[in-house]
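Peer 1: Here you go, this is my_file_19.txt (compact mmCIF, C-alpha atoms and all ligand atoms).
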# COMPACT_ATOMS: atom_id res chain seq x y z
CA MET A 766 -53.97 3.77 25.56
CA ALA A 767 -50.23 3.56 26.10
CA THR A 768 -48.50 6.80 27.04
CA ALA A 769 -45.44 7.78 25.00
CA THR A 770 -42.35 8.20 27.14
CA ALA A 771 -40.12 11.14 26.21
CA GLU A 772 -36.65 9.92 25.17
CA LYS A 773 -33.94 10.99 27.58
CA PRO A 774 -31.44 13.41 26.00
CA PRO A 775 -27.86 12.11 26.14
CA ALA A 776 -26.12 13.19 29.32
CA ALA A 777 -23.02 15.30 28.96
CA ALA A 778 -21.07 12.42 30.49
CA ASP A 779 -22.08 10.25 27.46
CA ALA A 780 -20.28 12.62 25.07
CA VAL A 781 -17.35 10.99 23.33
CA PRO A 782 -14.17 12.29 24.97
CA SER A 783 -11.34 13.76 22.96
CA PHE A 784 -7.74 13.61 24.06
CA THR A 785 -4.38 15.05 23.15
CA VAL A 786 -2.11 12.86 21.06
CA THR A 787 1.50 13.60 20.17
CA LEU A 788 2.55 12.84 16.63
CA ILE A 789 6.26 12.85 15.85
CA ILE A 790 6.66 13.32 12.12
CA ARG A 791 9.82 12.92 10.08
CA ARG A 792 10.08 16.14 8.11
CA PHE A 793 12.25 16.95 5.12
CA ASP A 794 12.23 20.05 2.96
CA PRO A 795 14.82 19.69 0.18
CA GLU A 796 15.07 23.50 -0.09
CA VAL A 797 16.29 24.00 3.48
CA ASP A 798 17.13 20.66 5.11
CA GLU A 799 20.31 18.70 4.52
CA GLU A 800 18.91 15.74 6.46
CA PRO A 801 15.41 14.74 7.59
CA ARG A 802 14.46 15.87 11.11
CA TRP A 803 11.74 14.81 13.58
CA GLN A 804 9.10 17.32 14.66
CA ASP A 805 6.46 16.95 17.44
CA PHE A 806 2.85 18.07 17.14
CA ASP A 807 0.17 17.83 19.85
CA VAL A 808 -3.28 17.28 18.35
CA GLU A 809 -6.75 17.04 19.92
CA LEU A 810 -8.38 13.89 18.55
CA TYR A 811 -11.14 11.34 19.04
CA GLY A 812 -10.51 7.61 19.08
CA THR A 813 -12.54 7.28 15.90
CA ASP A 814 -10.25 9.71 14.06
CA ARG A 815 -7.69 8.22 11.72
CA VAL A 816 -4.03 9.14 11.37
CA LEU A 817 -5.04 10.94 8.16
CA ASP A 818 -7.42 13.14 10.20
CA ALA A 819 -4.54 13.97 12.56
CA LEU A 820 -2.33 14.95 9.62
CA HIS A 821 -5.11 17.13 8.22
CA LYS A 822 -5.56 18.86 11.58
CA ILE A 823 -1.85 19.60 11.75
CA LYS A 824 -1.79 20.90 8.18
CA TRP A 825 -4.93 23.02 8.53
CA GLU A 826 -4.40 24.32 12.06
CA GLN A 827 -0.68 24.26 12.85
CA ASP A 828 1.67 23.96 9.87
CA GLY A 829 0.42 24.35 6.32
CA SER A 830 3.77 23.23 4.94
CA LEU A 831 3.31 19.63 6.12
CA THR A 832 3.31 17.60 2.90
CA PHE A 833 1.65 14.24 2.29
CA ARG A 834 -0.38 12.52 -0.42
CA ARG A 835 -3.99 11.47 -0.08
CA SER A 836 -7.03 11.44 -2.31
CA CYS A 837 -9.98 9.15 -1.54
CA ALA A 838 -9.51 9.01 2.26
CA HIS A 839 -11.26 5.62 2.21
CA GLY A 840 -8.65 2.97 1.43
CA ILE A 841 -9.26 2.90 -2.32
CA CYS A 842 -6.72 5.10 -4.12
CA GLY A 843 -3.59 3.82 -2.40
CA SER A 844 -1.94 7.23 -2.17
CA ASP A 845 -1.34 7.56 1.60
CA ALA A 846 0.84 4.59 2.49
CA MET A 847 3.31 5.65 5.21
CA ARG A 848 5.22 4.17 8.13
CA ILE A 849 3.20 4.55 11.31
CA ASN A 850 5.00 3.38 14.46
CA GLY A 851 7.44 1.51 12.22
CA ARG A 852 4.80 -0.37 10.20
CA ASN A 853 3.59 0.38 6.70
CA ARG A 854 -0.09 1.30 6.77
CA LEU A 855 -2.60 3.53 5.00
CA ALA A 856 -3.10 6.67 7.10
CA CYS A 857 -6.79 6.72 6.12
CA LYS A 858 -7.36 3.19 7.43
CA THR A 859 -5.46 3.53 10.71
CA LEU A 860 -7.71 4.47 13.62
CA ILE A 861 -6.17 6.40 16.49
CA LYS A 862 -7.88 4.09 19.00
CA ASP A 863 -6.02 1.12 17.53
CA LEU A 864 -2.66 2.71 18.39
CA ASP A 865 -1.10 3.09 21.84
CA ILE A 866 -1.96 6.75 22.51
CA THR A 867 -0.11 6.77 25.83
CA LYS A 868 2.99 7.07 23.67
CA PRO A 869 3.76 9.39 20.74
CA ILE A 870 2.79 8.17 17.29
CA TYR A 871 5.75 8.15 14.90
CA VAL A 872 4.95 8.91 11.26
CA GLU A 873 7.44 8.83 8.41
CA ALA A 874 7.59 8.22 4.66
CA ILE A 875 7.74 4.67 3.26
CA LYS A 876 11.28 3.35 2.81
CA GLY A 877 13.30 2.39 -0.24
CA LEU A 878 12.02 5.10 -2.61
CA PRO A 879 13.63 8.55 -3.02
CA LEU A 880 12.31 11.00 -0.41
CA GLU A 881 10.91 14.17 -2.01
CA LYS A 882 9.35 16.10 0.86
CA ASP A 883 8.06 15.12 4.35
CA LEU A 884 5.85 12.04 3.75
CA VAL A 885 6.05 12.13 -0.04
CA VAL A 886 8.37 9.82 -1.99
CA ASP A 887 9.11 9.56 -5.70
CA MET A 888 6.90 6.64 -6.84
CA GLU A 889 8.41 6.47 -10.34
CA PRO A 890 10.82 3.52 -9.67
CA PHE A 891 7.84 1.62 -8.22
CA PHE A 892 5.64 2.28 -11.26
CA GLU A 893 8.52 1.50 -13.64
CA SER A 894 8.67 -2.08 -12.30
CA PHE A 895 4.86 -2.27 -12.45
CA ARG A 896 4.85 -1.27 -16.14
CA GLU A 897 7.63 -3.74 -16.97
CA VAL A 898 5.47 -6.78 -16.15
CA GLN A 899 2.84 -5.74 -18.73
CA PRO A 900 -0.08 -5.40 -16.29
CA PHE A 901 -2.89 -5.46 -18.84
CA LEU A 902 -4.92 -8.14 -20.62
CA GLN A 903 -3.39 -9.39 -23.85
CA ALA A 904 -5.83 -11.74 -25.55
CA ASN A 905 -4.65 -12.46 -29.09
CA SER A 906 -6.87 -15.37 -30.06
CA THR A 907 -10.45 -15.14 -31.30
CA PRO A 908 -13.02 -15.94 -28.58
CA GLY A 909 -14.27 -19.55 -28.77
CA ASN A 910 -17.89 -18.57 -29.47
CA GLY A 911 -16.89 -15.56 -31.58
CA LYS A 912 -18.32 -13.12 -29.02
CA GLU A 913 -16.76 -13.36 -25.56
CA ARG A 914 -14.02 -15.10 -23.61
CA VAL A 915 -15.92 -17.29 -21.20
CA GLN A 916 -14.18 -18.01 -17.90
CA SER A 917 -15.21 -20.63 -15.34
CA VAL A 918 -15.66 -19.74 -11.67
CA ALA A 919 -12.65 -21.94 -10.85
CA ASP A 920 -10.47 -20.17 -13.43
CA ARG A 921 -11.52 -16.74 -12.10
CA ALA A 922 -10.70 -17.82 -8.57
CA ARG A 923 -7.04 -18.44 -9.50
CA PHE A 924 -6.29 -14.72 -9.61
CA ASP A 925 -9.11 -13.25 -7.53
CA ASP A 926 -6.85 -12.23 -4.64
CA THR A 927 -4.39 -10.28 -6.77
CA THR A 928 -7.14 -8.24 -8.46
CA LYS A 929 -7.52 -6.33 -5.18
CA CYS A 930 -4.23 -4.42 -5.43
CA ILE A 931 -4.51 -0.62 -5.16
CA LEU A 932 -0.81 0.04 -5.95
CA CYS A 933 -0.12 1.68 -2.61
CA ALA A 934 3.48 0.34 -2.45
CA ALA A 935 3.13 -0.67 1.21
CA CYS A 936 4.38 -4.17 0.30
CA THR A 937 7.36 -3.23 -1.87
CA SER A 938 8.53 -0.51 0.52
CA SER A 939 8.42 -2.93 3.47
CA CYS A 940 10.57 -5.54 1.73
CA PRO A 941 14.16 -5.72 3.05
CA VAL A 942 15.38 -7.01 -0.32
CA PHE A 943 13.94 -3.91 -2.01
CA TRP A 944 15.59 -1.65 0.59
CA THR A 945 19.03 -3.06 -0.21
CA ASP A 946 18.52 -3.67 -3.93
CA GLY A 947 16.35 -1.04 -5.60
CA GLN A 948 16.55 -3.06 -8.84
CA TYR A 949 14.38 -5.89 -7.44
CA PHE A 950 10.96 -5.87 -9.15
CA GLY A 951 9.35 -5.97 -5.70
CA PRO A 952 6.20 -7.71 -4.50
CA ALA A 953 3.68 -5.24 -5.98
CA ALA A 954 4.94 -5.76 -9.54
CA ILE A 955 4.84 -9.54 -9.03
CA VAL A 956 1.30 -9.35 -7.63
CA ASN A 957 0.18 -7.43 -10.70
CA ALA A 958 1.95 -9.87 -13.02
CA HIS A 959 0.24 -12.73 -11.15
CA ARG A 960 -3.14 -11.12 -11.80
CA PHE A 961 -2.66 -11.61 -15.58
CA ILE A 962 -0.40 -14.71 -15.63
CA PHE A 963 -3.20 -16.77 -14.07
CA ASP A 964 -6.02 -15.20 -16.10
CA SER A 965 -7.24 -17.91 -18.52
CA ARG A 966 -8.24 -15.22 -21.08
CA ASP A 967 -4.69 -13.84 -21.37
CA ASP A 968 -2.17 -15.17 -23.91
CA GLN A 969 1.08 -13.58 -22.65
CA ALA A 970 1.71 -15.47 -19.42
CA LYS A 971 4.93 -16.93 -20.82
CA VAL A 972 6.29 -13.45 -21.60
CA ARG A 973 5.63 -12.27 -18.03
CA LEU A 974 7.10 -15.46 -16.53
CA ASP A 975 10.26 -14.87 -18.60
CA ILE A 976 10.44 -11.25 -17.37
CA LEU A 977 10.23 -12.38 -13.74
CA ASN A 978 12.64 -15.32 -14.20
CA ASP A 979 15.46 -12.86 -13.75
CA LYS A 980 18.08 -12.18 -11.10
CA GLU A 981 16.01 -9.14 -10.09
CA GLY A 982 12.75 -11.07 -10.42
CA VAL A 983 10.95 -13.57 -8.17
CA TRP A 984 14.15 -15.39 -7.15
CA ARG A 985 15.25 -12.35 -5.13
CA CYS A 986 12.34 -12.92 -2.73
CA ARG A 987 13.54 -14.42 0.55
CA THR A 988 10.02 -15.23 1.82
CA THR A 989 10.26 -12.62 4.54
CA PHE A 990 6.47 -12.08 4.62
CA ASN A 991 6.76 -8.33 5.42
CA CYS A 992 4.82 -7.67 2.23
CA SER A 993 1.86 -9.86 3.22
CA GLU A 994 1.75 -8.25 6.67
CA ALA A 995 1.86 -4.74 5.19
CA CYS A 996 -0.83 -5.14 2.51
CA PRO A 997 -3.90 -3.07 3.49
CA ARG A 998 -6.03 -5.16 1.11
CA GLY A 999 -5.12 -8.42 2.84
CA ILE A 1000 -3.62 -9.88 -0.33
CA GLN A 1001 -1.57 -13.03 0.27
CA VAL A 1002 1.42 -11.43 -1.43
CA THR A 1003 4.05 -14.02 -0.47
CA GLN A 1004 1.77 -16.81 -1.66
CA ALA A 1005 1.26 -15.05 -5.01
CA ILE A 1006 5.05 -14.80 -5.39
CA ALA A 1007 5.38 -18.53 -4.60
CA GLU A 1008 2.73 -19.33 -7.25
CA VAL A 1009 4.67 -17.34 -9.85
CA LYS A 1010 7.89 -19.18 -8.89
CA SER A 1011 6.09 -22.53 -9.34
CA ALA A 1012 4.68 -21.44 -12.71
CA ILE A 1013 8.20 -20.57 -13.88
CA MET A 1014 9.41 -24.04 -12.81
CA ARG A 1015 6.48 -25.72 -14.64
CA GLY A 1016 6.91 -23.45 -17.67
CA LYS A 1017 3.21 -22.52 -17.61
CA PRO A 1018 0.60 -20.99 -15.24
FE1 LIG B 1101 -0.54 -2.21 -1.79
FE2 LIG B 1101 -1.17 -4.77 -1.31
FE3 LIG B 1101 -1.00 -3.88 -3.84
FE4 LIG B 1101 1.19 -4.15 -2.37
S1 LIG B 1101 -0.18 -5.81 -3.04
S2 LIG B 1101 0.71 -2.41 -3.66
S3 LIG B 1101 0.48 -3.59 -0.36
S4 LIG B 1101 -2.47 -3.23 -2.27
FE1 LIG B 1102 10.20 -9.24 0.26
FE2 LIG B 1102 7.78 -10.18 0.57
FE3 LIG B 1102 9.66 -11.69 -0.45
S1 LIG B 1102 8.86 -8.88 1.98
S2 LIG B 1102 11.46 -10.97 0.54
S3 LIG B 1102 8.84 -9.85 -1.36
S4 LIG B 1102 8.06 -12.33 0.94
FE1 LIG B 1103 -6.87 6.87 -0.72
FE2 LIG B 1103 -5.90 6.44 1.75
S1 LIG B 1103 -6.32 8.35 0.77
S2 LIG B 1103 -6.20 5.02 0.16
Could you write out this structure as structure tokens?
Peer 2:
Amino acid sequence: MATATAEKPPAAADAVPSFTVTLIIRRFDPEVDEEPRWQDFDVELYGTDRVLDALHKIKWEQDGSLTFRRSCAHGICGSDAMRINGRNRLACKTLIKDLDITKPIYVEAIKGLPLEKDLVVDMEPFFESFREVQPFLQANSTPGNGKERVQSVADRARFDDTTKCILCAACTSSCPVFWTDGQYFGPAAIVNAHRFIFDSRDDQAKVRLDILNDKEGVWRCRTTFNCSEACPRGIQVTQAIAEVKSAIMRGKP
């Protein structure tokens, strides 16, 4: 009969090491600060922690006034987009081990939207553009079979990529055109228009194409690609904008 071998307990040396990381956060309190200021925090972290975990540690253990948005903590709600080391990312999807921890980690609010406090911006201008493109299904005709609007796999595939948007604003707030011209609809609004323009069940594509065929619409895009690089959902944002431009030229999706 085989003898069971007792499993070796993990040696202390196998324990995952923690280390001290310096975060430099751009702070702003409208009640006391005239200008934003940078503040350092040293935090004990593991490589598997995310920047959101670091922000929580600071808020819970060092400075309760640190202000930032977050909800799901799992890359779904889109509420914690911020600039981390100069790049727009979701704090909840950015692992500490993927950053260079030999240097401080710089964290600041996304650009181009009014700063409210610390890492929180006013999202209303962003959502105003989103609402303007009518981001909802408008099917006026009666379904062919009287029951449902059947869609082929190929027709569904035309807008599959743009259904993934979580409205985090990482794209729009990384766009240099949006920084200099706050009136530009911005890539997120165009992505959400694309989602319905190319939906074969929708009857208002022409209306949305007319809305975006505007001096503040798709023609403001300079194909900089910052938006595609910033999107945490991997949406091909610049390509979606190009497809909307082509649809305007053709006069149909
Ligand atoms: Fe965020 Fe991507 Fe949607 Fe832009 S397209 S709002 S980056 S999810
Ligand atoms: Fe801006 Fe993206 Fe166009 S970054 S310029 S919307 S390609
Ligand atoms: Fe929801 Fe990061 S907290 S996406």
Peer 1: Using 8 Å as the limit and counting only C-alpha atoms and all ligand atoms, can you tabulate each residue of chain A that touches ligand LIG 1103 (chain B), with its shortest atom-to-atom distance in Å and the two atoms involved, as a Markdown table?
Peer 2:
| residue | atom | partner | partner_atom | distance |
| --- | --- | --- | --- | --- |
| A:Leu817 | CA | B:LIG1103 | FE2 | 7.9 |
| A:Arg834 | CA | B:LIG1103 | S1 | 7.4 |
| A:Arg835 | CA | B:LIG1103 | S1 | 4.0 |
| A:Ser836 | CA | B:LIG1103 | S1 | 4.4 |
| A:Cys837 | CA | B:LIG1103 | FE1 | 3.9 |
| A:Ala838 | CA | B:LIG1103 | S1 | 3.6 |
| A:His839 | CA | B:LIG1103 | FE1 | 5.4 |
| A:Gly840 | CA | B:LIG1103 | S2 | 3.4 |
| A:Ile841 | CA | B:LIG1103 | S2 | 4.5 |
| A:Cys842 | CA | B:LIG1103 | FE1 | 3.8 |
| A:Gly843 | CA | B:LIG1103 | S2 | 3.8 |
| A:Ser844 | CA | B:LIG1103 | FE1 | 5.2 |
| A:Asp845 | CA | B:LIG1103 | FE2 | 4.7 |
| A:Ala846 | CA | B:LIG1103 | FE2 | 7.0 |
| A:Leu855 | CA | B:LIG1103 | FE2 | 5.5 |
| A:Ala856 | CA | B:LIG1103 | FE2 | 6.0 |
| A:Cys857 | CA | B:LIG1103 | FE2 | 4.5 |
| A:Lys858 | CA | B:LIG1103 | FE2 | 6.7 |
| A:Ile931 | CA | B:LIG1103 | S2 | 7.9 |
| A:Cys933 | CA | B:LIG1103 | S2 | 7.5 |
Peer 1: Could you please determine the separation between atom CA of A:Ala958 and atom CA of A:Gln899 in Å, to one decimal place?
Peer 2: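 Taking atom CA of A:Ala958 and atom CA of A:Gln899, their separation equals 7.1 Å.
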Peer 1: Excluding same-chain residues fewer than 4 positions from stretch 982-986 of chain A, what lies within 7 Å of it counting all atoms listed in the file, as a tab-separated table (two decimals) with C-alpha atoms, keeping the file's coordinate frame?
Peer 2:
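As written to disk, out_15.tsv reads:
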chain	number	residue	atom	x	y	z
A	949	TYR	CA	14.38	-5.89	-7.44
A	950	PHE	CA	10.96	-5.87	-9.15
A	977	LEU	CA	10.23	-12.38	-13.74
A	978	ASN	CA	12.64	-15.32	-14.20
A	1006	ILE	CA	5.05	-14.80	-5.39
A	1010	LYS	CA	7.89	-19.18	-8.89
Peer 1: Counting all atoms listed in the file, figure out which residue out of A:Val808, A:Val797, A:Leu902, A:Ala970 gets nearest to A:Arg914.
Peer 2: A:Leu902
Peer 1: Using all atoms listed in the file, find each residue in chain A having at least one atom no more than 10 Å away from ligand LIG 1101 (chain B); report its shortest atom-to-atom pair and that distance in Å (one decimal), rows by chain then rising number, as a Markdown table.
Peer 2:
| residue | atom | partner | partner_atom | distance |
| --- | --- | --- | --- | --- |
| A:Gly840 | CA | B:LIG1101 | S4 | 9.5 |
| A:Ile841 | CA | B:LIG1101 | S4 | 9.1 |
| A:Cys842 | CA | B:LIG1101 | S4 | 9.5 |
| A:Gly843 | CA | B:LIG1101 | FE1 | 6.8 |
| A:Ser844 | CA | B:LIG1101 | FE1 | 9.6 |
| A:Ala846 | CA | B:LIG1101 | FE1 | 8.2 |
| A:Asn853 | CA | B:LIG1101 | S3 | 8.7 |
| A:Arg854 | CA | B:LIG1101 | S3 | 8.7 |
| A:Leu855 | CA | B:LIG1101 | FE1 | 9.1 |
| A:Phe891 | CA | B:LIG1101 | S2 | 9.4 |
| A:Phe895 | CA | B:LIG1101 | S2 | 9.7 |
| A:Asp926 | CA | B:LIG1101 | S1 | 9.4 |
| A:Thr927 | CA | B:LIG1101 | S1 | 7.2 |
| A:Thr928 | CA | B:LIG1101 | FE3 | 8.8 |
| A:Lys929 | CA | B:LIG1101 | S4 | 6.6 |
| A:Cys930 | CA | B:LIG1101 | FE3 | 3.6 |
| A:Ile931 | CA | B:LIG1101 | S4 | 4.4 |
| A:Leu932 | CA | B:LIG1101 | S2 | 3.7 |
| A:Cys933 | CA | B:LIG1101 | FE1 | 4.0 |
| A:Ala934 | CA | B:LIG1101 | S2 | 4.1 |
| A:Ala935 | CA | B:LIG1101 | S3 | 4.2 |
| A:Cys936 | CA | B:LIG1101 | S3 | 4.0 |
| A:Thr937 | CA | B:LIG1101 | FE4 | 6.3 |
| A:Ser938 | CA | B:LIG1101 | S3 | 8.7 |
| A:Ser939 | CA | B:LIG1101 | S3 | 8.8 |
| A:Gly951 | CA | B:LIG1101 | FE4 | 9.0 |
| A:Pro952 | CA | B:LIG1101 | FE4 | 6.5 |
| A:Ala953 | CA | B:LIG1101 | FE4 | 4.5 |
| A:Ala954 | CA | B:LIG1101 | S2 | 8.0 |
| A:Ile955 | CA | B:LIG1101 | S1 | 8.7 |
| A:Val956 | CA | B:LIG1101 | S1 | 6.0 |
| A:Asn957 | CA | B:LIG1101 | FE3 | 7.8 |
| A:Asn991 | CA | B:LIG1101 | S3 | 9.8 |
| A:Cys992 | CA | B:LIG1101 | S3 | 6.5 |
| A:Ser993 | CA | B:LIG1101 | S3 | 7.4 |
| A:Glu994 | CA | B:LIG1101 | S3 | 8.5 |
| A:Ala995 | CA | B:LIG1101 | S3 | 5.8 |
| A:Cys996 | CA | B:LIG1101 | S3 | 3.5 |
| A:Pro997 | CA | B:LIG1101 | FE2 | 5.8 |
| A:Arg998 | CA | B:LIG1101 | S4 | 5.3 |
| A:Gly999 | CA | B:LIG1101 | FE2 | 6.8 |
| A:Ile1000 | CA | B:LIG1101 | FE2 | 5.8 |
| A:Gln1001 | CA | B:LIG1101 | S1 | 8.1 |
| A:Val1002 | CA | B:LIG1101 | S1 | 6.1 |
| A:Thr1003 | CA | B:LIG1101 | S1 | 9.6 |
| A:Ala1005 | CA | B:LIG1101 | S1 | 9.6 |
Peer 1: Between atom CA of A:Asp814 and atom CA of A:Val781, what is the distance in Å, rounded to a tenth?
Peer 2: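 According to the coordinates, atom CA of A:Asp814 and atom CA of A:Val781 are separated by 11.7 Å.
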Peer 1: Name all residues at most 6 Å from stretch 866-879 of chain A (count all atoms listed in the file; drop same-chain ones fewer than 4 positions away) and give them as a PyMOL selection string.
Peer 2: chain A and resi 787-791+847-850+884+886-887+938+944
Peer 1: Taking into account only C-alpha atoms, which residue in the set A:Phe833, A:Arg973, A:Arg966, A:Trp803 is nearest to A:Glu913?
Peer 2: A:Arg966
Peer 1: Of the candidates A:Cys940, A:Leu860, A:Ala919, A:Ile823, which shows the shortest atom-to-atom distance to ligand LIG 1102 (chain B), using all atoms listed in the file?
Peer 2: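 Nearest candidate to ligand LIG 1102 (chain B) out of A:Cys940, A:Leu860, A:Ala919, A:Ile823: A:Cys940.
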Peer 1: Can you tell me how far atom CA of A:Gln903 sits from atom CA of A:Asp920, in Å to one decimal?
Peer 2: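 So the answer is 16.6 Å.
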Peer 1: Name the residues, using the chain letters and numbers of the file, that sit within 6 Å of (-3.3, -20.8, -13.4) when counting only C-alpha atoms, and give them as a PyMOL selection string.
Peer 2: chain A and resi 923+963+1018
Peer 1: From the list A:Leu820, A:Val942, A:Ile861, A:Ala922, which residue is nearest ligand LIG 1102 (chain B) when using all atoms listed in the file?
Peer 2: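 Closest to ligand LIG 1102 (chain B) of all the choices is A:Val942.
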Peer 1: Identify which of the residues A:Phe961, A:Phe990, A:Phe806, A:Phe793 lies closest to A:Ala819, counting only C-alpha atoms when measuring atom-to-atom distances.
Peer 2: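 Under the stated criterion, the closest residue is A:Phe806.
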Peer 1: Which of these residues is nearest to ligand LIG 1102 (chain B), using only C-alpha atoms and all ligand atoms: A:Ile1013, A:Gln1004, A:Thr988, A:Asp975?
Peer 2: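 Checking each of A:Ile1013, A:Gln1004, A:Thr988, A:Asp975 against ligand LIG 1102 (chain B), counting only C-alpha atoms and all ligand atoms, the winner is A:Thr988.
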Peer 1: Take stretch 952-959 of chain A from the block and save it with all heavy atoms, as a CSV table (one decimal), in the first residue's frame.
Peer 2:
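Output file result.csv follows:
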chain,number,residue,atom,x,y,z
A,952,PRO,N,-14.3,61.2,-29.1
A,952,PRO,CA,-14.4,59.8,-29.5
A,952,PRO,C,-15.5,58.9,-28.9
A,952,PRO,O,-16.1,58.1,-29.5
A,952,PRO,CB,-13.0,59.2,-29.3
A,952,PRO,CG,-12.3,60.2,-28.4
A,952,PRO,CD,-13.0,61.5,-28.6
A,953,ALA,N,-15.7,59.1,-27.6
A,953,ALA,CA,-16.7,58.3,-26.9
A,953,ALA,C,-18.1,58.5,-27.5
A,953,ALA,O,-18.9,57.5,-27.7
A,953,ALA,CB,-16.7,58.5,-25.4
A,954,ALA,N,-18.5,59.7,-27.7
A,954,ALA,CA,-19.8,60.0,-28.3
A,954,ALA,C,-19.9,59.4,-29.7
A,954,ALA,O,-20.9,58.8,-30.1
A,954,ALA,CB,-20.1,61.5,-28.4
A,955,ILE,N,-18.8,59.4,-30.5
A,955,ILE,CA,-18.8,58.9,-31.8
A,955,ILE,C,-18.9,57.3,-31.8
A,955,ILE,O,-19.6,56.7,-32.5
A,955,ILE,CB,-17.6,59.3,-32.6
A,955,ILE,CG1,-17.6,60.9,-32.7
A,955,ILE,CG2,-17.6,58.8,-34.0
A,955,ILE,CD1,-16.3,61.5,-33.2
A,956,VAL,N,-18.2,56.7,-30.8
A,956,VAL,CA,-18.3,55.3,-30.6
A,956,VAL,C,-19.7,54.9,-30.3
A,956,VAL,O,-20.2,53.9,-30.9
A,956,VAL,CB,-17.3,54.9,-29.5
A,956,VAL,CG1,-17.7,53.5,-28.9
A,956,VAL,CG2,-15.9,54.8,-29.9
A,957,ASN,N,-20.4,55.6,-29.5
A,957,ASN,CA,-21.7,55.3,-29.1
A,957,ASN,C,-22.8,55.6,-30.2
A,957,ASN,O,-23.8,54.9,-30.3
A,957,ASN,CB,-22.1,55.9,-27.8
A,957,ASN,CG,-21.5,55.2,-26.6
A,957,ASN,OD1,-21.9,54.1,-26.2
A,957,ASN,ND2,-20.3,55.6,-26.2
A,958,ALA,N,-22.5,56.5,-31.0
A,958,ALA,CA,-23.3,56.8,-32.2
A,958,ALA,C,-23.1,55.6,-33.2
A,958,ALA,O,-24.0,55.0,-33.8
A,958,ALA,CB,-22.9,58.1,-32.9
A,959,HIS,N,-21.8,55.2,-33.4
A,959,HIS,CA,-21.5,54.1,-34.3
A,959,HIS,C,-22.3,52.8,-33.9
A,959,HIS,O,-22.8,52.1,-34.7
A,959,HIS,CB,-19.9,53.8,-34.2
A,959,HIS,CG,-19.4,52.6,-35.0
A,959,HIS,ND1,-19.7,51.3,-34.6
A,959,HIS,CD2,-18.7,52.6,-36.1
A,959,HIS,CE1,-19.1,50.5,-35.5
A,959,HIS,NE2,-18.5,51.3,-36.4
